[in-house]
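Only one structure is covered here, and it is reproduced in the block below.
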Amino acid sequence: MTGPGGARGGSRWPALIAIGGVLGSILANVGSNLAGNLLSELAASVLGPVTTVLAAGGVVGYVVYEVRRRRAGREVGPEPTEVLTTPATGAPTLPYTAEFTGRAQHVDAVVGLLARKHAVAVLGRRAVGTSACAVQAANRCREDFPDGQYYLDLRRRGRPRTARQVLTALARILGTAPPTSGRPDALAVAADALRGQLDGRKILLVLDNVDRPDQVQPLLPPTARTCRLLLAGGPALVGLEGVVAHWIAEPGTSEAVELFATAGGAAPAARVRRADPRTDPAVRDIVDLCGRQPRTVRALGYRTAQHGWRHSDVLDALRRAVQTPPHQRLAVSPAARLVTERDIAYRVLPRAARRLYRLMSLAPAPVDRPTIAALAGRHAELVTMLLDRLAAAAFVVGAPGDRYEIRPLLAGSARLHLRDADPVRARVAAQARLTRHLARRAERHVANLAVLGSAGDREWSLPLDDDPYGWFDLHQELLLAVVRVPAGAKETLPRRVRRWWFRLAVALCGWLAYAERLDEWEQVCRTVLATPTADDRPEIAGWAHNELGVLRRRRHDPQGAAAALTLAVNERGRRGNAQARMNLGLALLDLGQLDDAVEHLEMSRRHRSGADRAGHALTDLGLGAAQLARGEPDTAHHHLVRAANTFRSVGDARGYAAALTNLVLVHAALGEHLDAAQAWRAALREYESVNDPTSRATALLNAGATLLNSTPGQARTAYELLTESRRLRDETRPTAGLARTLLYLGDACAALGDPAEARRHWADAATFAEEVADAQGLAAADARLDDDPESRVTDDAESRVT
């Protein structure tokens, strides 16, 4: 006996065809011998082919019979745990519910509605238990309808009845004239005859499996005073005139566990002892993976008890089918196959809707219509129609931003259907379409993000699809989920998906860096490093190490940044290492290795393309900061002026402001105090339109330090600038910039005649400088605390490179 994780046995078709061929040969030989003995040679020549044809016909008939038998075997047969027990006579009387479990509150509510309303509808998605709830409620109030309780299934043999067929069946039950045709006037006449027959009589009519409103529309609104009409159907019946709707959803976890246990109790006892389903925590996970669909839960509970499957084995089989990445092969287990076969609500969907539902399970977060259209490879109008169908059947739900997602309760069931119905090739193709679509849109939006961020013009009035800020904010969950492939899947990511996946990761890192989401940025980079592509292609590993180096520099870890950027320079080669060399030079500048920093920055400028004007401006900015730190203000002035002019010409407000911030220190070092004041005022004007609080804090620090050193009479203005700089820095971790801000803030307090407040700021500056290993700042703070006036003008403020 196979367990819940076993696979289906081999096919018997070759044996059947061989047996059919042998039988055909025997019959043909016997027919030929009989013909030769009874007839003449001429007759034998005529009858021989006829006999052969008859024998072949017998083989074909046997094969057709076998095909029909196999089709019947694939059809879902009734479980011994069916909910409704119909009368053996086939009469239209009210059936009983067999082993009804749960729904007590819903049954009470329906019974209460029947006592007050003429027409009540029990609504819910297909196979959620509306029929059982309606029949149970009808049985509860049988005594209130002594003139009769009648039941009619409007989905006979799986096919929905028309309005004429419904009225004809009811007319046969109640003894009235059936409709003469399907025209509206004929249906109205037959419905009036039914109302006349029901008027004044206490009769309960239960119409089960109502799929469409037009099936019962002629009967509405009901006008009989004492007759009651109870409908059981799907969401399409919402809003019917004269009908009070009562909605039921899937049962809760505890009720579903009780269904599982009750169905298992009806199964023949197995030899293997198993835990009580009501106390086994694995059963709760099993019913949740089944979507808590009553029919599926009962069938799985019955089979589990019948075959003696352990609950843990069933849960493991279902989890493997759900959690294994779609591009990996996995044998379908009997438990998973049973779940997909018993999903009646899924089976009645159109073929295109079923496919869209399965493919949407590849999206781990809500997706918008264009993304769904790309995922399915279908036209947007068709996708809209199918989404409406799935939403009406409660398979998908809406999300903010005109997005859709599979209901969380049905996510596992959708993955099971995907693995059961779609081969690996189709799943990989859909995954590639999804990744390609997201990568292209992310690249377009991250480019717009750079343009808008550089221009300092954040257009919130843009449409959502044209607003990079809004687009990334809305789809961040989806983008991160696609890039963060499950554990073990990134090593086997198909080549068809890998290229677009990497491009999506690059674009996503651009947005994460802009949004200062450093932890997620690092996680994406490490995910890229774990892929086989990073081992095969050094330039991809170099990109990841370059990103990690920039990230560590932002975290004020220059030593770690230098180590990662050195790997990036060695892996990317000469052609693609200009950016990595520039970042390495900045990291070495933070470490105080000025000569090595200038060398790498010079090499970066030589390796850059002449068309990369923004890259050259960044390199000049770094060289200006390095030359300033080396005490070469004239050379630094040359590089910074060239960087500022280039940034301004390309429309990069952020880079232009950073160049002006460093020019403040250059002019102050050259004694050009008027030019320094003009530079810091221009930098502050630029930062008003740029969302970069850290760089703005640096510009305020440089402005305050310049005023204190050049114009002591403006100590009050310097104090206000430095206070604002400190406020912006208080939201971040301690840095050398914070220590310098406190240092000059103490100088401003001393100039304003408040020595106690000045010493408090200097003490805080010394503490933070020691914490971040800023030896020069620590020495300046200690000198001020020791009341050494000569040390107050020997320390610089802070250079800033974006």
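Order determines the names: the first chain of the structure tokens is A, the second B, and so forth; residues in each chain are numbered 1 upward, and ligands are numbered 1 upward as they are shown.
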Quick one: pick out all helix (DSSP H, G or I) residues within range 357-556 of chain A from a backbone DSSP run and write them as a compact mmCIF listing (two decimals) with C-alpha atoms, in the first residue's frame.
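Output below, filename selection.txt:
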```txt
# COMPACT_ATOMS: atom_id res chain seq x y z
CA TYR A 357 -5.83 31.19 -10.94
CA ARG A 358 -2.97 28.67 -10.99
CA LEU A 359 -0.46 31.14 -12.44
CA MET A 360 -1.37 33.83 -9.92
CA ARG A 369 -3.60 43.98 -13.89
CA PRO A 370 -0.64 44.67 -16.25
CA THR A 371 1.53 42.30 -14.21
CA ILE A 372 -1.17 39.61 -14.24
CA ALA A 373 -1.52 40.01 -18.01
CA ALA A 374 2.25 39.59 -18.43
CA LEU A 375 2.26 36.59 -16.11
CA ALA A 376 -0.48 34.83 -18.05
CA ALA A 380 -5.43 42.82 -20.70
CA GLU A 381 -9.15 42.81 -21.57
CA LEU A 382 -9.36 39.01 -21.29
CA VAL A 383 -7.48 39.14 -17.98
CA THR A 384 -9.94 41.72 -16.64
CA MET A 385 -12.87 39.48 -17.54
CA LEU A 386 -11.25 36.43 -15.94
CA LEU A 387 -10.36 38.37 -12.79
CA ASP A 388 -13.99 39.42 -12.44
CA ARG A 389 -15.00 35.78 -12.73
CA LEU A 390 -12.47 34.68 -10.11
CA ALA A 391 -13.44 37.50 -7.77
CA ALA A 392 -17.13 36.62 -8.10
CA PRO A 408 -4.63 33.66 1.71
CA LEU A 409 -6.73 30.65 2.73
CA LEU A 410 -6.56 29.29 -0.84
CA ALA A 411 -2.89 30.04 -1.53
CA GLY A 412 -1.75 26.49 -0.71
CA SER A 413 -4.55 24.92 -2.72
CA ALA A 414 -3.63 27.09 -5.74
CA ARG A 415 -0.02 25.89 -5.55
CA LEU A 416 -1.23 22.29 -5.47
CA HIS A 417 -3.31 22.87 -8.59
CA LEU A 418 -0.33 24.53 -10.30
CA ARG A 419 1.95 21.58 -9.66
CA ASP A 420 -0.75 19.08 -10.64
CA ALA A 421 -1.89 20.70 -13.91
CA VAL A 424 7.71 22.36 -15.28
CA ARG A 425 8.30 24.01 -18.65
CA ALA A 426 5.05 25.98 -18.44
CA ARG A 427 5.74 27.03 -14.84
CA VAL A 428 9.24 28.25 -15.70
CA ALA A 429 7.91 30.18 -18.71
CA ALA A 430 5.34 31.94 -16.54
CA GLN A 431 7.95 32.70 -13.91
CA ALA A 432 10.21 34.19 -16.58
CA ARG A 433 7.38 36.38 -17.94
CA LEU A 434 6.65 37.69 -14.45
CA THR A 435 10.30 38.45 -13.67
CA ARG A 436 10.91 40.09 -17.04
CA HIS A 437 7.88 42.35 -16.66
CA LEU A 438 8.83 43.43 -13.15
CA ALA A 439 12.48 43.98 -14.11
CA ARG A 440 11.61 46.24 -17.05
CA ARG A 441 9.17 48.33 -15.02
CA ALA A 442 11.58 48.58 -12.08
CA GLU A 443 14.42 49.70 -14.36
CA ARG A 444 12.24 52.38 -15.91
CA HIS A 445 11.07 53.65 -12.54
CA VAL A 446 14.50 53.63 -10.91
CA ALA A 447 15.78 55.72 -13.83
CA ASN A 448 12.93 58.19 -13.28
CA LEU A 449 13.73 58.09 -9.57
CA ALA A 450 17.28 59.23 -10.28
CA VAL A 451 16.06 62.00 -12.59
CA LEU A 452 13.46 63.34 -10.15
CA GLY A 453 15.80 62.98 -7.18
CA SER A 454 18.57 64.83 -8.99
CA ALA A 455 16.22 67.59 -10.08
CA LEU A 464 0.83 56.01 -10.17
CA ASP A 465 2.46 54.17 -13.07
CA ASP A 466 4.62 57.24 -13.84
CA PRO A 468 8.61 56.09 -9.25
CA TYR A 469 8.18 56.83 -5.56
CA GLY A 470 4.56 55.66 -5.50
CA TRP A 471 5.22 52.65 -7.74
CA PHE A 472 8.03 51.28 -5.57
CA ASP A 473 6.10 51.96 -2.38
CA LEU A 474 3.06 50.12 -3.73
CA HIS A 475 4.88 47.10 -5.19
CA GLN A 476 7.75 46.77 -2.70
CA GLU A 477 6.31 43.60 -1.15
CA LEU A 478 6.07 41.89 -4.54
CA LEU A 479 9.53 42.99 -5.70
CA LEU A 480 11.23 41.88 -2.51
CA ALA A 481 9.40 38.56 -2.51
CA VAL A 482 10.41 37.80 -6.12
CA VAL A 483 14.06 38.67 -5.51
CA LYS A 490 18.45 30.46 -5.77
CA GLU A 491 21.07 27.81 -6.42
CA THR A 492 18.80 26.10 -8.97
CA ARG A 495 18.71 30.17 -16.72
CA ARG A 496 15.60 31.49 -18.44
CA VAL A 497 14.70 33.37 -15.25
CA ARG A 498 18.17 34.17 -13.94
CA ARG A 499 19.06 37.08 -16.25
CA TRP A 500 15.85 39.01 -15.61
CA TRP A 501 16.01 38.17 -11.93
CA PHE A 502 19.45 39.79 -11.69
CA ARG A 503 18.28 42.90 -13.52
CA LEU A 504 15.36 43.16 -11.13
CA ALA A 505 17.76 42.84 -8.17
CA VAL A 506 19.94 45.67 -9.56
CA ALA A 507 16.96 47.98 -10.01
CA LEU A 508 15.58 47.09 -6.59
CA CYS A 509 18.92 47.86 -4.92
CA GLY A 510 18.85 51.29 -6.55
CA TRP A 511 15.55 52.04 -4.86
CA LEU A 512 16.56 50.51 -1.52
CA ALA A 513 19.71 52.62 -1.50
CA TYR A 514 17.69 55.74 -2.20
CA LEU A 518 20.11 49.21 4.36
CA ASP A 519 19.20 45.83 5.85
CA GLU A 520 17.04 44.83 2.88
CA TRP A 521 19.67 46.20 0.51
CA GLU A 522 22.30 43.95 2.08
CA GLN A 523 19.99 40.94 1.97
CA VAL A 524 19.40 41.35 -1.78
CA CYS A 525 23.15 41.65 -2.44
CA ARG A 526 23.92 38.50 -0.47
CA THR A 527 21.16 36.65 -2.29
CA VAL A 528 22.81 37.58 -5.59
CA LEU A 529 26.17 36.35 -4.31
CA PRO A 532 25.48 30.15 -9.45
CA THR A 533 25.65 33.14 -11.81
CA ALA A 534 27.85 35.02 -9.35
CA ASP A 535 30.33 32.13 -9.45
CA ASP A 536 30.24 31.85 -13.24
CA PRO A 538 32.84 37.63 -11.94
CA GLU A 539 31.28 40.93 -13.03
CA ILE A 540 28.06 40.01 -11.20
CA ALA A 541 29.96 39.14 -8.03
CA GLY A 542 31.87 42.39 -8.45
CA TRP A 543 28.62 44.33 -8.65
CA ALA A 544 27.37 42.72 -5.44
CA HIS A 545 30.61 43.46 -3.58
CA ASN A 546 30.55 47.04 -4.84
CA GLU A 547 27.02 47.44 -3.46
CA LEU A 548 28.07 45.93 -0.14
CA GLY A 549 31.03 48.29 0.02
CA VAL A 550 28.86 51.36 -0.53
CA LEU A 551 26.40 50.02 2.05
CA ARG A 552 29.11 49.53 4.67
CA ARG A 553 30.42 53.01 4.04
CA ARG A 554 26.94 54.35 4.68
```
Could you list, with a cut-off of 12 Å and counting only C-alpha atoms, the residues of range 113-214 of chain A near range 295-304 of chain A, each shown with its nearest atom pair and the distance in Å rounded to one decimal, rows sorted by chain and ascending number, as CSV?
```
residue,atom,partner,partner_atom,distance
A:Arg126,CA,A:Arg295,CA,10.5
A:Ala127,CA,A:Arg295,CA,6.8
A:Val128,CA,A:Arg295,CA,7.9
A:Gly129,CA,A:Arg295,CA,8.1
A:Thr130,CA,A:Arg295,CA,11.6
A:Ser131,CA,A:Arg295,CA,11.6
A:Ala132,CA,A:Arg295,CA,10.9
```
Requested write-out: C-alpha atoms of the selected residues, as a short mmCIF file (atom, residue, chain, number, x, y, z; two decimals), in the first residue's frame:
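After the write, out-v3.cif holds the following:
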```cif
data_model
loop_
_atom_site.label_atom_id
_atom_site.label_comp_id
_atom_site.auth_asym_id
_atom_site.auth_seq_id
_atom_site.Cartn_x
_atom_site.Cartn_y
_atom_site.Cartn_z
CA ARG A 126 -18.95 26.83 -4.34
CA ALA A 127 -18.50 23.74 -2.12
CA VAL A 128 -18.28 25.77 1.07
CA GLY A 129 -21.28 24.03 2.65
CA THR A 130 -24.28 26.18 1.67
CA SER A 131 -26.35 23.09 0.75
CA ALA A 132 -25.70 21.34 4.05
#
```
DSSP says strand (DSSP E or B) for which residues of range 278-418 of chain A? Put them as a PDB file with C-alpha atoms, in the first residue's frame?
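See states.pdb below for the written result:
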```pdb
ATOM      1  CA  VAL A 367      -0.204  42.193  -8.323  1.00  0.00           C
ATOM      2  CA  ASP A 368      -1.829  44.716 -10.628  1.00  0.00           C
ATOM      3  CA  VAL A 396      -9.194  36.202  -5.539  1.00  0.00           C
ATOM      4  CA  VAL A 397      -9.660  39.401  -3.570  1.00  0.00           C
ATOM      5  CA  GLY A 398      -8.806  42.989  -4.315  1.00  0.00           C
ATOM      6  CA  ALA A 399      -5.927  44.924  -2.780  1.00  0.00           C
ATOM      7  CA  ARG A 403      -4.271  44.926  -7.413  1.00  0.00           C
ATOM      8  CA  TYR A 404      -5.408  41.360  -6.859  1.00  0.00           C
ATOM      9  CA  GLU A 405      -4.193  38.378  -4.898  1.00  0.00           C
ATOM     10  CA  ILE A 406      -5.337  34.843  -4.204  1.00  0.00           C
TER      11      ILE A 406
END
```
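Computed from the coordinates, the CA of Ala736 in chain A to CA of Glu686 in chain A distance equals 23.4 Å.
Compared by their closest atoms to Arg630 in chain A, and using only C-alpha atoms, the residues A:Arg716, A:Pro277, A:Glu599, A:Gly592 rank with A:Gly592 nearest.
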Test item: residues at most 9 Å from range 673-676 of chain A, only C-alpha atoms, excluding those fewer than 6 positions along its chain, as number ranges by chain:
A: 663-667, 703, 706-707, 710-711
Could the residues in this selection be written to a file with N, CA and C atoms, as a PDB file, in the first residue's frame?
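To be explicit, this is the file written out as result31.pdb:
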```pdb
ATOM      1  N   LEU A 663      33.107  73.150  -1.270  1.00  0.00           N
ATOM      2  CA  LEU A 663      33.743  74.416  -1.644  1.00  0.00           C
ATOM      3  C   LEU A 663      33.746  75.412  -0.490  1.00  0.00           C
ATOM      4  N   VAL A 664      32.783  75.289   0.414  1.00  0.00           N
ATOM      5  CA  VAL A 664      32.785  76.158   1.597  1.00  0.00           C
ATOM      6  C   VAL A 664      34.092  75.994   2.361  1.00  0.00           C
ATOM      7  N   LEU A 665      34.512  74.745   2.579  1.00  0.00           N
ATOM      8  CA  LEU A 665      35.758  74.491   3.310  1.00  0.00           C
ATOM      9  C   LEU A 665      36.978  74.958   2.520  1.00  0.00           C
ATOM     10  N   VAL A 666      36.945  74.821   1.189  1.00  0.00           N
ATOM     11  CA  VAL A 666      38.086  75.245   0.367  1.00  0.00           C
ATOM     12  C   VAL A 666      38.257  76.756   0.444  1.00  0.00           C
ATOM     13  N   HIS A 667      37.155  77.502   0.280  1.00  0.00           N
ATOM     14  CA  HIS A 667      37.245  78.962   0.342  1.00  0.00           C
ATOM     15  C   HIS A 667      37.665  79.427   1.731  1.00  0.00           C
ATOM     16  N   ALA A 703      28.632  75.740   7.197  1.00  0.00           N
ATOM     17  CA  ALA A 703      28.246  77.153   7.237  1.00  0.00           C
ATOM     18  C   ALA A 703      28.474  77.738   8.628  1.00  0.00           C
ATOM     19  N   THR A 706      32.217  78.117   9.340  1.00  0.00           N
ATOM     20  CA  THR A 706      32.800  79.219   8.573  1.00  0.00           C
ATOM     21  C   THR A 706      32.472  80.563   9.203  1.00  0.00           C
ATOM     22  N   LEU A 707      31.228  80.718   9.642  1.00  0.00           N
ATOM     23  CA  LEU A 707      30.843  81.980  10.282  1.00  0.00           C
ATOM     24  C   LEU A 707      31.627  82.205  11.568  1.00  0.00           C
ATOM     25  N   SER A 710      35.301  83.094  10.571  1.00  0.00           N
ATOM     26  CA  SER A 710      35.529  84.296   9.767  1.00  0.00           C
ATOM     27  C   SER A 710      34.836  85.526  10.338  1.00  0.00           C
ATOM     28  N   THR A 711      33.651  85.349  10.908  1.00  0.00           N
ATOM     29  CA  THR A 711      32.862  86.495  11.395  1.00  0.00           C
ATOM     30  C   THR A 711      32.344  86.173  12.777  1.00  0.00           C
TER      31      THR A 711
END
```
Nearest-residue call for Leu623 in chain A, choices A:Lys202, A:His600, A:Arg740, A:Arg608, using only C-alpha atoms:
A:His600
Close residues, Leu618 in chain A itself excluded, 12 Å, only C-alpha atoms, min 6 positions apart in chain, as number ranges by chain:
A: 578-579, 581-583, 585-586, 601-602, 604-605, 608, 612, 624-625, 639-647, 652, 654-656, 658-659, 800-802
Spatial neighbours of range 187-197 of chain A, max dist 12 Å, only C-alpha atoms, sep filter under 6 positions, as a ChimeraX atom specification:
/A:147,162-181,203,205,214-229
Just to confirm, what's the straight-line distance from CA of Asp343 in chain A to CA of Gln293 in chain A in Å (one decimal)?
7.7 Å
Residue with smallest distance to Arg727 in chain A - pool A:Ala530, A:Val485, A:Ala697, A:Ala617, counting only C-alpha atoms
A:Ala697
